[in-house]
Amino acid sequence: MNVPFVDLKAQYQTIKPEMDAAIEEIISNTAFIGGKAVRTFEEEFAAYLGVPHCVGVANGTEAIEIALRALGVGPGDEVIVPANTFIATSEAVTSAGATVVLADSDPDYYTLDPEDFRRKITPRTKAVIPVHLYGQPADMDAITAIAREHDLLVIEDTSQAQGARYKGRRVGSIGDAGTFSFYPGKNLGAYGDAGAIVFRDAAAAQFARTYAGHGSIVKYHHIMEGRNSRLDGLQAAVLTVKLRHLDAWSDARRRNAALYTELLADIDGVTAPKIADYAEPVFHLYVIRLADRENVQNRLAERGISTAIHYPISIPSLEAYRHLGHAASDFPVANGQMGEILSLPMYPELTPEMIRYTVAELREAVAASNLVGQ
Ligand SMILES: Cc1ncc(COP(=O)(O)O)c(C=O)c1O
């Protein structure tokens with residue numbers, strides 16, 4: 001049996017008539033940049049999250065950078081970012097002219113450790129970016145309480161957790177801003193690059209919209225130098241269609257995760273993801289931990305099962321951040337987990353048979369690697 005890591009074609013097949021009609025409409029109307037489709041998506045996504053303002057942008061990395069700029073974060077400011085995330089989170093801080101400061105992960109949930117966040121605060125700290133990694137909400141009450149104590153802004157990087165809830169509230173709607181990537185493989189994925197920022201504050205949203213549109217709202221009336229970071233009409237139409245299905249897809253992901261967790265329970269040496277009592281996760285990724293990962297991963301590949309690692313190198317250990325001068329021991333949790341984490345195939349269309357096959361092969365692979373290890 002072949003179990004791909006993601007299968008975007010399978011999803012397209014389930015929504016083909018409505019998707020084709022939506023795309024056809026954009027092409028017929030040549031509404032490629034701006035226009036009704038973009039406004040419709042922004043309004044529907046804001047309503048879905050329960051926030052007043054949504055600004056569509058070109059991708060999830062620029063969403064973070066523009067959110068920082070809109071909230072007044074820039075040169076001279078430090079921004080705290082988790083050690084375990086995709087580089088986009090920290091890259092965006094540097095692009096906004098601010099300084100990246102890294103904090104360790106929670107040992108159970110992989111998200112930002114609130115206590116290490118607290119330890120990293122200095123008089124120059126201006127903001128924190130919790131990442132709802134793998135679709136698991138970060139501990140927002142703990143993080144926002146510390147942020148409030150120190151008068152810090154909270155920007156939620158929600159690229160991996162569209163639709164997840166923290167104590168009943170959609171993540172992305174809790175902090176001063178929520179940023180989203182709609183990269184095609186995300187839970188809510190476009191058919192190209194796309195992103196969005198949500199705000200509670202109207203002035204911040206207005207700044208972001210202006211900045212992302214070459215510094216103008218009224219054409220050719222540029223009130224500042226901005227940049228081109230637009231959500232295009234085709235992507236907005238694709239996202240509007242998919243948004244209607246997102247909750248059903250999240251339910252399917254949770255069902256798939258529950259089946260994995262049930263089947264993995266009696267495999268010694270494999271740690272399944274834990275769900276915090278505050279969280280309704282959306283399992284963008286289903287990440288297990290195990291020893292001898294490389295052999296297990298190779299064996300699964302031989303049996304037609306694709307897996308991945310998110311991420312093989314922590315942010316402070318990347319070549320790109322060598323100048324920060326960190327030792328591996330500075331981030332014991334994140335760095336300890338890097339060598340053990342393995343992402344199993346996860347998407348709504350994954351069948352129970354595929355999950356059973358994956359776990360059966362994983363069981364064999366772990367047993368084989370234990371034998372070699374003896
Ligand atoms: C946590 C996180 N932040 C930011 C991004 C950046 O998004 P994009 O690729 O749309 O720029 C991604 C995904 O790629 C991500 O996973």
# chains A, B, ... in the order shown; residues from 1 in each chain; ligands from 1
>>> residues_near_ligand(ligand="ligand 1", cutoff="7 Å", atoms="only C-alpha atoms and all ligand atoms", output="ChimeraX atom specification")
/A:59-62,85-86,88-89,131,133,157-160,181-183,193-195
>>> residues_around(residues="Ala205 of chain A", least_positions_apart="3", cutoff="10 Å", atoms="only C-alpha atoms", output="JSON, numbers by chain")
{"A": [52, 53, 54, 55, 66, 67, 70, 71, 177, 197, 198, 199, 200, 201, 202, 208, 209, 210, 211]}
>>> residues_around(residues="segment 33-43 of chain A", least_positions_apart="3", cutoff="12 Å", atoms="only C-alpha atoms", output="PyMOL selection string")
chain A and resi 22-23+25-27+29-30+46-58+190+194-199+205+209+212-213+217+219+228-244
>>> atom_distance(atom1="atom CA of Val73 of chain A", atom2="atom CA of Thr125 of chain A")
9.8 Å
>>> select_by_dssp(residues="segment 228-313 of chain A", states="strand (DSSP E)", output="short mmCIF file (atom, residue, chain, number, x, y, z; two decimals) with N, CA and C atoms, in the first residue's frame")
data_model
loop_
_atom_site.label_atom_id
_atom_site.label_comp_id
_atom_site.auth_asym_id
_atom_site.auth_seq_id
_atom_site.Cartn_x
_atom_site.Cartn_y
_atom_site.Cartn_z
N ALA A 279 -7.09 22.57 24.93
CA ALA A 279 -6.94 22.63 23.47
C ALA A 279 -7.94 21.79 22.69
N GLU A 280 -8.42 22.36 21.58
CA GLU A 280 -9.06 21.55 20.54
C GLU A 280 -8.14 21.68 19.31
N TYR A 286 0.83 15.10 12.62
CA TYR A 286 0.73 14.13 13.71
C TYR A 286 2.17 13.68 14.00
N VAL A 287 2.71 14.22 15.11
CA VAL A 287 4.15 14.06 15.38
C VAL A 287 4.36 13.11 16.55
N ILE A 288 5.08 12.03 16.29
CA ILE A 288 5.43 11.09 17.36
C ILE A 288 6.91 11.27 17.71
N ARG A 289 7.33 10.66 18.81
CA ARG A 289 8.75 10.64 19.15
C ARG A 289 9.18 9.19 19.33
#
>>> closest_residue(among="A:Tyr357, A:Tyr347, A:Phe117, A:Phe45", to="Gly185 of chain A", atoms="only C-alpha atoms")
A:Tyr347
>>> atom_distance(atom1="atom CA of Ala308 of chain A", atom2="atom CA of Leu290 of chain A")
13.4 Å
>>> select_by_dssp(residues="segment 1-242 of chain A", states="helix (DSSP H, G or I)", output="ChimeraX atom specification")
/A:8-29,36-49,60-70,87-95,114-119,133-135,140-149,202-212,233-242
>>> residues_around(residues="Gln11 of chain A", least_positions_apart="5", cutoff="10 Å", atoms="only C-alpha atoms", output="PyMOL selection string")
chain A and resi 6+16+242+249+347-349
>>> atom_distance(atom1="atom CA of Leu112 of chain A", atom2="atom CA of Ala334 of chain A")
9.7 Å
>>> residues_around(residues="Ser329 of chain A", least_positions_apart="6", cutoff="12 Å", atoms="only C-alpha atoms", output="list of chain:residue names")
A:Asp104, A:Ser314, A:Pro316, A:Ser317, A:Asn335, A:Gly336
